[in-house]
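Colleague: Next comes the structure file entry-v1.pdb, holding PDB, C-alpha atoms and all ligand atoms.
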```pdb
ATOM      1  CA  ARG W 187     133.614 100.703  86.955
ATOM      2  CA  ARG W 188     132.065  97.399  87.917
ATOM      3  CA  ASP W 189     128.796  96.317  89.432
ATOM      4  CA  PHE W 190     128.702  95.371  93.096
ATOM      5  CA  THR W 191     126.292  92.806  94.506
ATOM      6  CA  ILE W 192     125.387  92.465  98.167
ATOM      7  CA  ALA W 193     123.623  89.225  99.163
ATOM      8  CA  ILE W 194     121.786  89.241 102.497
ATOM      9  CA  ASP W 195     120.487  85.869 103.674
ATOM     10  CA  GLY W 196     119.072  84.650 106.957
ATOM     11  CA  PRO W 197     116.060  83.140 108.719
ATOM     12  CA  ALA W 198     112.549  84.608 108.693
ATOM     13  CA  ALA W 199     112.075  88.006 110.342
ATOM     14  CA  SER W 200     115.783  88.557 111.015
ATOM     15  CA  GLY W 201     115.460  92.102 109.654
ATOM     16  CA  LYS W 202     116.872  91.353 106.198
ATOM     17  CA  SER W 203     114.389  93.445 104.263
ATOM     18  CA  SER W 204     114.535  96.713 106.208
ATOM     19  CA  THR W 205     118.313  96.409 106.582
ATOM     20  CA  ALA W 206     118.783  95.687 102.879
ATOM     21  CA  ARG W 207     116.569  98.640 101.933
ATOM     22  CA  ALA W 208     118.499 101.063 104.151
ATOM     23  CA  VAL W 209     121.846  99.718 102.871
ATOM     24  CA  ALA W 210     120.653 100.107  99.260
ATOM     25  CA  GLN W 211     119.540 103.682  99.868
ATOM     26  CA  GLU W 212     122.818 104.579 101.637
ATOM     27  CA  LEU W 213     124.900 103.241  98.745
ATOM     28  CA  GLY W 214     122.573 104.344  95.935
ATOM     29  CA  PHE W 215     122.045 100.702  94.921
ATOM     30  CA  GLY W 216     118.952  98.910  93.660
ATOM     31  CA  TYR W 217     117.057  96.575  95.997
ATOM     32  CA  ILE W 218     115.345  93.233  95.353
ATOM     33  CA  ASP W 219     113.300  91.408  97.985
ATOM     34  CA  SER W 220     113.489  87.846  96.648
ATOM     35  CA  GLY W 221     111.006  86.554  99.249
ATOM     36  CA  SER W 222     108.326  88.747  97.685
ATOM     37  CA  ILE W 223     108.660  86.810  94.408
ATOM     38  CA  TYR W 224     108.003  83.519  96.257
ATOM     39  CA  ARG W 225     105.123  85.272  97.996
ATOM     40  CA  CYS W 226     103.682  86.328  94.599
ATOM     41  CA  ALA W 227     103.916  82.705  93.430
ATOM     42  CA  THR W 228     102.092  81.687  96.632
ATOM     43  CA  LEU W 229      99.366  84.277  96.074
ATOM     44  CA  LEU W 230      98.869  82.926  92.544
ATOM     45  CA  ALA W 231      98.653  79.408  93.994
ATOM     46  CA  LEU W 232      95.986  80.487  96.520
ATOM     47  CA  ARG W 233      93.990  82.346  93.878
ATOM     48  CA  GLN W 234      94.116  79.389  91.487
ATOM     49  CA  ASN W 235      93.598  76.863  94.262
ATOM     50  CA  ILE W 236      96.894  75.116  93.532
ATOM     51  CA  THR W 237      98.139  73.827  96.876
ATOM     52  CA  ASP W 238      99.340  70.373  95.852
ATOM     53  CA  MET W 239     102.948  70.823  94.791
ATOM     54  CA  GLY W 240     102.954  67.382  93.173
ATOM     55  CA  GLU W 241     100.285  67.964  90.537
ATOM     56  CA  GLY W 242     100.175  71.733  90.546
ATOM     57  CA  SER W 243     103.909  72.407  90.399
ATOM     58  CA  ALA W 244     104.315  72.650  86.623
ATOM     59  CA  SER W 245     101.258  74.839  86.065
ATOM     60  CA  LEU W 246     102.218  77.171  88.918
ATOM     61  CA  ALA W 247     105.811  77.420  87.619
ATOM     62  CA  ASP W 248     104.345  78.290  84.242
ATOM     63  CA  LEU W 249     102.033  80.929  85.773
ATOM     64  CA  ILE W 250     104.796  82.655  87.724
ATOM     65  CA  SER W 251     107.248  82.597  84.841
ATOM     66  CA  HIS W 252     104.684  84.356  82.623
ATOM     67  CA  ALA W 253     103.618  86.829  85.317
ATOM     68  CA  LYS W 254     105.219  90.253  85.530
ATOM     69  CA  VAL W 255     106.653  90.834  88.987
ATOM     70  CA  ASP W 256     107.873  94.359  89.688
ATOM     71  CA  ILE W 257     109.546  95.582  92.847
ATOM     72  CA  LYS W 258     109.353  99.354  93.062
ATOM     73  CA  VAL W 259     111.464 101.190  95.603
ATOM     74  CA  ARG W 260     110.294 104.623  96.646
ATOM     75  CA  PRO W 261     113.306 106.462  98.065
ATOM     76  CA  SER W 262     112.476 107.801 101.477
ATOM     77  CA  THR W 263     113.674 111.088 102.875
ATOM     78  CA  SER W 264     111.794 110.933 106.145
ATOM     79  CA  HIS W 265     113.416 109.452 109.213
ATOM     80  CA  GLN W 266     110.894 107.073 110.670
ATOM     81  CA  THR W 267     112.136 106.939 114.259
ATOM     82  CA  PRO W 268     114.763 108.932 116.152
ATOM     83  CA  SER W 269     116.904 105.781 116.440
ATOM     84  CA  LEU W 270     117.373 105.794 112.669
ATOM     85  CA  GLY W 271     119.458 108.974 112.802
ATOM     86  CA  ARG W 272     120.012 110.062 109.233
ATOM     87  CA  LEU W 273     119.153 106.611 107.902
ATOM     88  CA  ALA W 274     115.994 106.112 105.904
ATOM     89  CA  VAL W 275     114.170 102.939 105.011
ATOM     90  CA  PRO W 276     112.573 103.267 101.579
ATOM     91  CA  GLU W 277     109.137 101.806 100.988
ATOM     92  CA  VAL W 278     108.789  98.929  98.588
ATOM     93  CA  GLN W 279     105.784  98.231  96.418
ATOM     94  CA  VAL W 280     105.305  94.787  94.884
ATOM     95  CA  LEU W 281     103.321  94.643  91.651
ATOM     96  CA  LEU W 282     102.005  91.391  90.202
ATOM     97  CA  ASP W 283     100.861  91.959  86.611
ATOM     98  CA  GLY W 284     100.397  95.615  87.497
ATOM     99  CA  GLU W 285      98.296  94.952  90.631
ATOM    100  CA  ASP W 286      99.677  96.241  93.919
ATOM    101  CA  VAL W 287      99.876  93.094  96.076
ATOM    102  CA  SER W 288     102.262  94.534  98.710
ATOM    103  CA  ARG W 289      99.849  93.804 101.558
ATOM    104  CA  GLU W 290      98.191  90.688 100.252
ATOM    105  CA  ILE W 291     101.491  88.794  99.981
ATOM    106  CA  ARG W 292     102.061  89.251 103.745
ATOM    107  CA  THR W 293      98.849  87.722 105.100
ATOM    108  CA  PRO W 294      98.987  84.722 107.469
ATOM    109  CA  GLU W 295      97.607  82.506 104.635
ATOM    110  CA  VAL W 296     100.612  83.325 102.451
ATOM    111  CA  ASN W 297     103.007  82.956 105.429
ATOM    112  CA  ARG W 298     101.697  79.458 106.044
ATOM    113  CA  LEU W 299     102.038  78.241 102.446
ATOM    114  CA  VAL W 300     105.103  80.047 101.098
ATOM    115  CA  ALA W 301     107.834  77.660 102.323
ATOM    116  CA  LYS W 302     106.038  74.716 100.722
ATOM    117  CA  ILE W 303     105.767  76.542  97.395
ATOM    118  CA  ALA W 304     109.432  77.633  97.658
ATOM    119  CA  SER W 305     110.635  74.064  98.217
ATOM    120  CA  ASP W 306     109.623  73.060  94.681
ATOM    121  CA  SER W 307     112.506  72.944  92.183
ATOM    122  CA  GLY W 308     110.359  74.039  89.203
ATOM    123  CA  ILE W 309     109.145  77.106  91.100
ATOM    124  CA  ARG W 310     112.698  77.935  92.239
ATOM    125  CA  GLN W 311     113.939  77.720  88.655
ATOM    126  CA  ALA W 312     111.186  80.092  87.455
ATOM    127  CA  VAL W 313     111.891  82.502  90.330
ATOM    128  CA  LEU W 314     115.649  82.398  89.631
ATOM    129  CA  HIS W 315     115.080  83.881  86.166
ATOM    130  CA  ILE W 316     112.891  86.638  87.625
ATOM    131  CA  GLN W 317     115.514  87.391  90.312
ATOM    132  CA  ARG W 318     118.397  87.684  87.839
ATOM    133  CA  LYS W 319     116.365  89.839  85.453
ATOM    134  CA  LEU W 320     115.171  92.198  88.222
ATOM    135  CA  ALA W 321     118.757  92.434  89.523
ATOM    136  CA  ALA W 322     120.140  93.309  86.077
ATOM    137  CA  ASP W 323     117.455  96.019  85.667
ATOM    138  CA  ALA W 324     118.033  97.425  89.159
ATOM    139  CA  GLU W 325     121.800  97.421  88.687
ATOM    140  CA  SER W 326     121.618  99.308  85.409
ATOM    141  CA  ARG W 327     119.191 101.842  86.937
ATOM    142  CA  SER W 328     121.503 102.395  89.895
ATOM    143  CA  THR W 329     124.444 102.987  87.532
ATOM    144  CA  THR W 330     122.655 105.425  85.211
ATOM    145  CA  SER W 331     121.032 107.416  88.041
ATOM    146  CA  ARG W 332     124.403 108.320  89.585
ATOM    147  CA  SER W 333     125.613 111.898  89.629
ATOM    148  CA  ALA W 334     128.812 112.713  87.721
ATOM    149  CA  ASP W 335     130.918 113.045  90.889
ATOM    150  CA  ALA W 336     129.869 109.536  91.957
ATOM    151  CA  ASN W 337     131.044 108.140  88.641
ATOM    152  CA  ASP W 338     133.991 106.277  90.088
ATOM    153  CA  MET W 339     131.675 104.388  92.459
ATOM    154  CA  PRO W 340     130.250 101.088  91.276
ATOM    155  CA  GLY W 341     126.539 100.699  90.632
ATOM    156  CA  GLY W 342     124.996  97.775  92.398
ATOM    157  CA  VAL W 343     122.190  95.841  93.891
ATOM    158  CA  VAL W 344     121.262  94.480  97.304
ATOM    159  CA  MET W 345     119.193  91.291  97.269
ATOM    160  CA  ASP W 346     117.850  89.556 100.352
ATOM    161  CA  GLY W 347     116.514  86.015 100.748
ATOM    162  CA  ARG W 348     117.620  82.518 101.767
ATOM    163  CA  ASP W 349     119.945  81.349  98.980
ATOM    164  CA  ILE W 350     121.246  84.569  97.430
ATOM    165  CA  GLY W 351     124.885  84.126  98.504
ATOM    166  CA  THR W 352     124.883  80.357  98.005
ATOM    167  CA  THR W 353     122.919  79.873  94.761
ATOM    168  CA  ILE W 354     121.634  83.018  93.053
ATOM    169  CA  PHE W 355     124.785  85.166  93.258
ATOM    170  CA  PRO W 356     127.583  82.879  94.513
ATOM    171  CA  GLY W 357     130.066  85.476  93.241
ATOM    172  CA  ALA W 358     128.513  88.387  95.189
ATOM    173  CA  GLU W 359     131.160  90.874  96.338
ATOM    174  CA  LEU W 360     129.666  90.957  99.845
ATOM    175  CA  LYS W 361     127.618  88.246 101.546
ATOM    176  CA  ILE W 362     125.886  88.837 104.854
ATOM    177  CA  TYR W 363     124.108  86.234 106.973
ATOM    178  CA  LEU W 364     121.732  88.130 109.251
ATOM    179  CA  ASP W 365     120.461  86.347 112.348
ATOM    180  CA  ALA W 366     118.702  87.158 115.628
ATOM    181  CA  SER W 367     117.282  85.148 118.509
ATOM    182  CA  ALA W 368     113.967  83.370 117.838
ATOM    183  CA  MET W 369     112.140  85.539 120.401
ATOM    184  CA  ALA W 370     113.537  88.826 119.057
ATOM    185  CA  ARG W 371     112.391  87.829 115.582
ATOM    186  CA  ALA W 372     108.910  86.813 116.722
ATOM    187  CA  ILE W 373     108.412  90.087 118.600
ATOM    188  CA  ARG W 374     109.530  92.137 115.599
ATOM    189  CA  ARG W 375     107.146  90.295 113.283
ATOM    190  CA  TRP W 376     104.302  90.706 115.798
ATOM    191  CA  ASP W 377     104.951  94.473 115.875
ATOM    192  CA  GLU W 378     104.935  94.575 112.105
ATOM    193  CA  MET W 379     101.658  92.654 111.889
ATOM    194  CA  ASN W 380     100.011  94.944 114.414
ATOM    195  CA  GLN W 381     100.968  97.966 112.361
ATOM    196  CA  MET W 382      99.475  96.236 109.325
ATOM    197  CA  LYS W 383      96.336  95.346 111.288
ATOM    198  CA  ASP W 384      95.841  99.015 112.196
ATOM    199  CA  VAL W 385      96.119 100.044 108.558
ATOM    200  CA  THR W 386      93.838  97.222 107.323
ATOM    201  CA  ALA W 387      91.223  98.057 109.968
ATOM    202  CA  GLN W 388      91.032 101.603 108.640
ATOM    203  CA  LYS W 389      90.143 100.389 105.152
ATOM    204  CA  PRO W 390      86.329 100.483 104.727
ATOM    205  CA  ALA W 391      85.782  97.431 102.509
ATOM    206  CA  HIS W 392      87.897  94.652 101.107
ATOM    207  CA  ASP W 393      88.158  94.428  97.322
ATOM    208  CA  PRO W 394      85.503  91.782  96.469
ATOM    209  CA  LYS W 395      87.465  90.685  93.379
ATOM    210  CA  ALA W 396      90.440  89.533  95.443
ATOM    211  CA  SER W 397      90.119  85.933  96.549
ATOM    212  CA  VAL W 398      92.314  86.222  99.645
ATOM    213  CA  ALA W 399      90.752  88.504 102.216
ATOM    214  CA  PRO W 400      92.953  90.028 104.933
ATOM    215  CA  ALA W 401      92.734  87.700 107.936
ATOM    216  CA  ALA W 402      90.364  88.866 110.640
ATOM    217  CA  VAL W 403      92.392  87.307 113.429
ATOM    218  CA  TYR W 404      96.061  88.075 113.852
ATOM    219  CA  PRO W 405      98.298  85.628 115.709
ATOM    220  CA  SER W 406      99.917  86.013 119.125
ATOM    221  CA  VAL W 407     103.698  86.279 119.644
ATOM    222  CA  GLU W 408     103.811  82.571 120.572
ATOM    223  CA  GLU W 409     101.920  81.618 117.420
ATOM    224  CA  ILE W 410     104.238  83.763 115.324
ATOM    225  CA  ALA W 411     107.282  82.155 116.989
ATOM    226  CA  ARG W 412     105.915  78.724 116.055
ATOM    227  CA  GLU W 413     105.130  79.847 112.503
ATOM    228  CA  LEU W 414     108.663  81.246 112.047
ATOM    229  CA  GLU W 415     110.158  78.061 113.472
ATOM    230  CA  THR W 416     108.126  75.871 111.097
ATOM    231  CA  ARG W 417     109.067  78.040 108.120
ATOM    232  CA  ASP W 418     112.787  78.126 109.074
ATOM    233  CA  TYR W 419     112.758  74.347 109.560
ATOM    234  CA  ALA W 420     111.302  73.907 106.060
ATOM    235  CA  ASP W 421     113.776  76.412 104.548
ATOM    236  CA  ILE W 422     116.812  74.796 106.232
ATOM    237  CA  ASN W 423     115.830  71.190 105.526
ATOM    238  CA  ARG W 424     114.586  71.365 101.950
ATOM    239  CA  GLU W 425     116.538  69.671  99.179
ATOM    240  CA  ASN W 426     116.656  72.606  96.754
ATOM    241  CA  SER W 427     118.843  75.561  97.796
ATOM    242  CA  PRO W 428     118.312  75.245 101.535
ATOM    243  CA  LEU W 429     119.058  78.152 103.859
ATOM    244  CA  ARG W 430     122.801  77.883 104.603
ATOM    245  CA  ILE W 431     125.534  80.255 105.733
ATOM    246  CA  ALA W 432     127.790  80.726 102.674
ATOM    247  CA  PRO W 433     131.416  79.906 103.639
ATOM    248  CA  ASP W 434     132.504  83.457 102.744
ATOM    249  CA  ALA W 435     129.551  85.215 104.414
ATOM    250  CA  VAL W 436     129.938  87.683 107.272
ATOM    251  CA  VAL W 437     127.562  86.583 110.059
ATOM    252  CA  ILE W 438     125.816  89.411 111.916
ATOM    253  CA  ASP W 439     123.605  88.589 114.898
ATOM    254  CA  ASN W 440     121.506  91.703 115.414
ATOM    255  CA  THR W 441     119.652  90.622 118.582
ATOM    256  CA  ASN W 442     121.502  93.310 120.546
ATOM    257  CA  LEU W 443     122.417  95.742 117.778
ATOM    258  CA  THR W 444     120.611  98.934 116.915
ATOM    259  CA  PHE W 445     119.285  99.218 113.395
ATOM    260  CA  ALA W 446     121.870 101.903 112.581
ATOM    261  CA  GLN W 447     124.737  99.741 113.925
ATOM    262  CA  GLN W 448     123.907  96.850 111.668
ATOM    263  CA  VAL W 449     123.294  99.021 108.592
ATOM    264  CA  TYR W 450     126.613 100.876 108.995
ATOM    265  CA  THR W 451     128.471  97.595 109.639
ATOM    266  CA  ILE W 452     127.293  96.441 106.220
ATOM    267  CA  THR W 453     127.864  99.723 104.342
ATOM    268  CA  ASP W 454     131.394  99.976 105.862
ATOM    269  CA  LEU W 455     132.198  96.422 104.724
ATOM    270  CA  ALA W 456     130.847  97.239 101.250
ATOM    271  CA  ARG W 457     132.898 100.448 100.940
ATOM    272  CA  GLU W 458     136.065  98.598 102.020
ATOM    273  CA  ARG W 459     135.565  96.136  99.167
ATOM    274  CA  MET W 460     134.583  98.560  96.395
TER
HETATM  275  O1  LIG P   1     111.912  86.717 103.065
HETATM  276  P1  LIG P   1     110.492  86.222 103.256
HETATM  277  O2  LIG P   1     110.202  85.841 104.667
HETATM  278  O3  LIG P   1     109.490  87.150 102.679
HETATM  279  O4  LIG P   1     110.429  84.888 102.385
HETATM  280  C1  LIG P   1     109.269  84.088 102.349
HETATM  281  C2  LIG P   1     109.636  82.665 102.025
HETATM  282  O5  LIG P   1     110.113  82.576 100.683
HETATM  283  C3  LIG P   1     110.743  82.028 102.865
HETATM  284  O6  LIG P   1     110.262  81.473 104.072
HETATM  285  C4  LIG P   1     111.269  80.942 101.941
HETATM  286  O7  LIG P   1     110.478  79.793 102.016
HETATM  287  C5  LIG P   1     111.092  81.562 100.570
HETATM  288  N1  LIG P   1     112.343  82.127 100.056
HETATM  289  C6  LIG P   1     113.260  81.270  99.505
HETATM  290  N2  LIG P   1     114.408  81.752  98.944
HETATM  291  C7  LIG P   1     114.648  83.068  98.930
HETATM  292  C8  LIG P   1     113.731  83.972  99.512
HETATM  293  C9  LIG P   1     112.582  83.464 100.087
HETATM  294  O8  LIG P   1     113.060  80.059  99.527
HETATM  295  N3  LIG P   1     115.761  83.526  98.351
END
```
Could I get this structure in the form of structure tokens?

Modeller:
Amino acid sequence: RRDFTIAIDGPAASGKSSTARAVAQELGFGYIDSGSIYRCATLLALRQNITDMGEGSASLADLISHAKVDIKVRPSTSHQTPSLGRLAVPEVQVLLDGEDVSREIRTPEVNRLVAKIASDSGIRQAVLHIQRKLAADAESRSTTSRSADANDMPGGVVMDGRDIGTTIFPGAELKIYLDASAMARAIRRWDEMNQMKDVTAQKPAHDPKASVAPAAVYPSVEEIARELETRDYADINRENSPLRIAPDAVVIDNTNLTFAQQVYTITDLARERM
């Protein structure tokens, strides 16, 4: 029995994370959101006031390589919307040295800085080690948690990001490049932020110890579209591991697909190759 790796790459807000989580749950695989590791590095940079990637690069790389990043997947049994059918999207909790930073790594401040932090080769090298270690842990968990009758199925991991199929796991058994129109992506991200805004607004007080407060003003769809475009431009045009379609990737444009259609397209492809 061998391990099976699924790499899902694509531009910002193309639905990689929720798709990857549903695919992982369907196949009983582990899941790693590689963007969240870059977001943790960015949060550390904001907290330590390191925004100059010339001078600050080495100390930030050192900080992130000594930090403990954990990505915890809580299997979900509830179907969130009728369109999901029997699919479920597990929740993911991101822990940075034991602190739950799941929300704080998705603020507009982090969105604005993350591509700059991720363009630095020292940071990418530090994050690469974290990615491979988390993947090895997740893969072994997915193998040992299998029931006896699933023993002939491979254990595996789904990782999403920008360079998973090209740089991190060039030998991945299945590579997906997930894309959608710029407007579809901006609207989805706007929806997501509004849900987050509702939850944040219900919280009585912000933790005074945290240096990055949730932003009071959330951007419009047009502002989000511009932010995504700027981030994609930086991710595509950087020198180190730019966002590229791997030659052996299957390209899925999900602008006009339902969530279930795209998830089952990927799980069918995976099962064919197992
Ligand atoms: O996937 P997400 O939008 O959370 O990623 C945030 C940022 O992290 C991306 O815009 C990109 O700059 C960086 N990233 C990366 N390589 C990855 C994953 C994310 O450079 N594999």

Colleague: Using only C-alpha atoms and all ligand atoms, which residues of the polymer chains come no farther than 6 Å from ligand LIG 1 (chain P)? I'd like the answer as a VMD selection string.

Modeller: chain W and resid 198 220 to 222 224 300 to 301 304 347 to 350 417 421

Colleague: Skip Ser406 (chain W) itself and residues of its chain fewer than 2 positions away, then list as a count of residues only all residues within 12 Å of it, counting all atoms listed in the file.

Modeller: 17

Colleague: Give me, as an NGL selection string, all polymer residues having an atom no more than 10 Å from Ile250 (chain W), counting all atoms listed in the file and skipping those fewer than 6 positions away in the same chain.

Modeller: :W and (223-224 or 226-228 or 230-231 or 282 or 309 or 312-313 or 316)

Colleague: CA of Ala446 (chain W) and CA of Ser203 (chain W) are how many Å apart?

Modeller: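 Taking CA of Ala446 (chain W) and CA of Ser203 (chain W), their separation equals 14.0 Å.
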
Colleague: For Arg260 (chain W), work out the shell of residues within 9 Å, counting all atoms listed in the file and skipping chain neighbours fewer than 2 positions away, then give it as a PyMOL selection string.

Modeller: chain W and resi 258+262+276-279

Colleague: What gap, in Å, lies between CA of Thr451 (chain W) and CA of Ala370 (chain W)?

Modeller: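 Distance reported for this atom pair: 19.7 Å.
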
Colleague: Could you state the separation of CA of Arg298 (chain W) and CA of Leu414 (chain W) in Å, given to one decimal place?

Modeller: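 Going from CA of Arg298 (chain W) over to CA of Leu414 (chain W), I get 9.4 Å.
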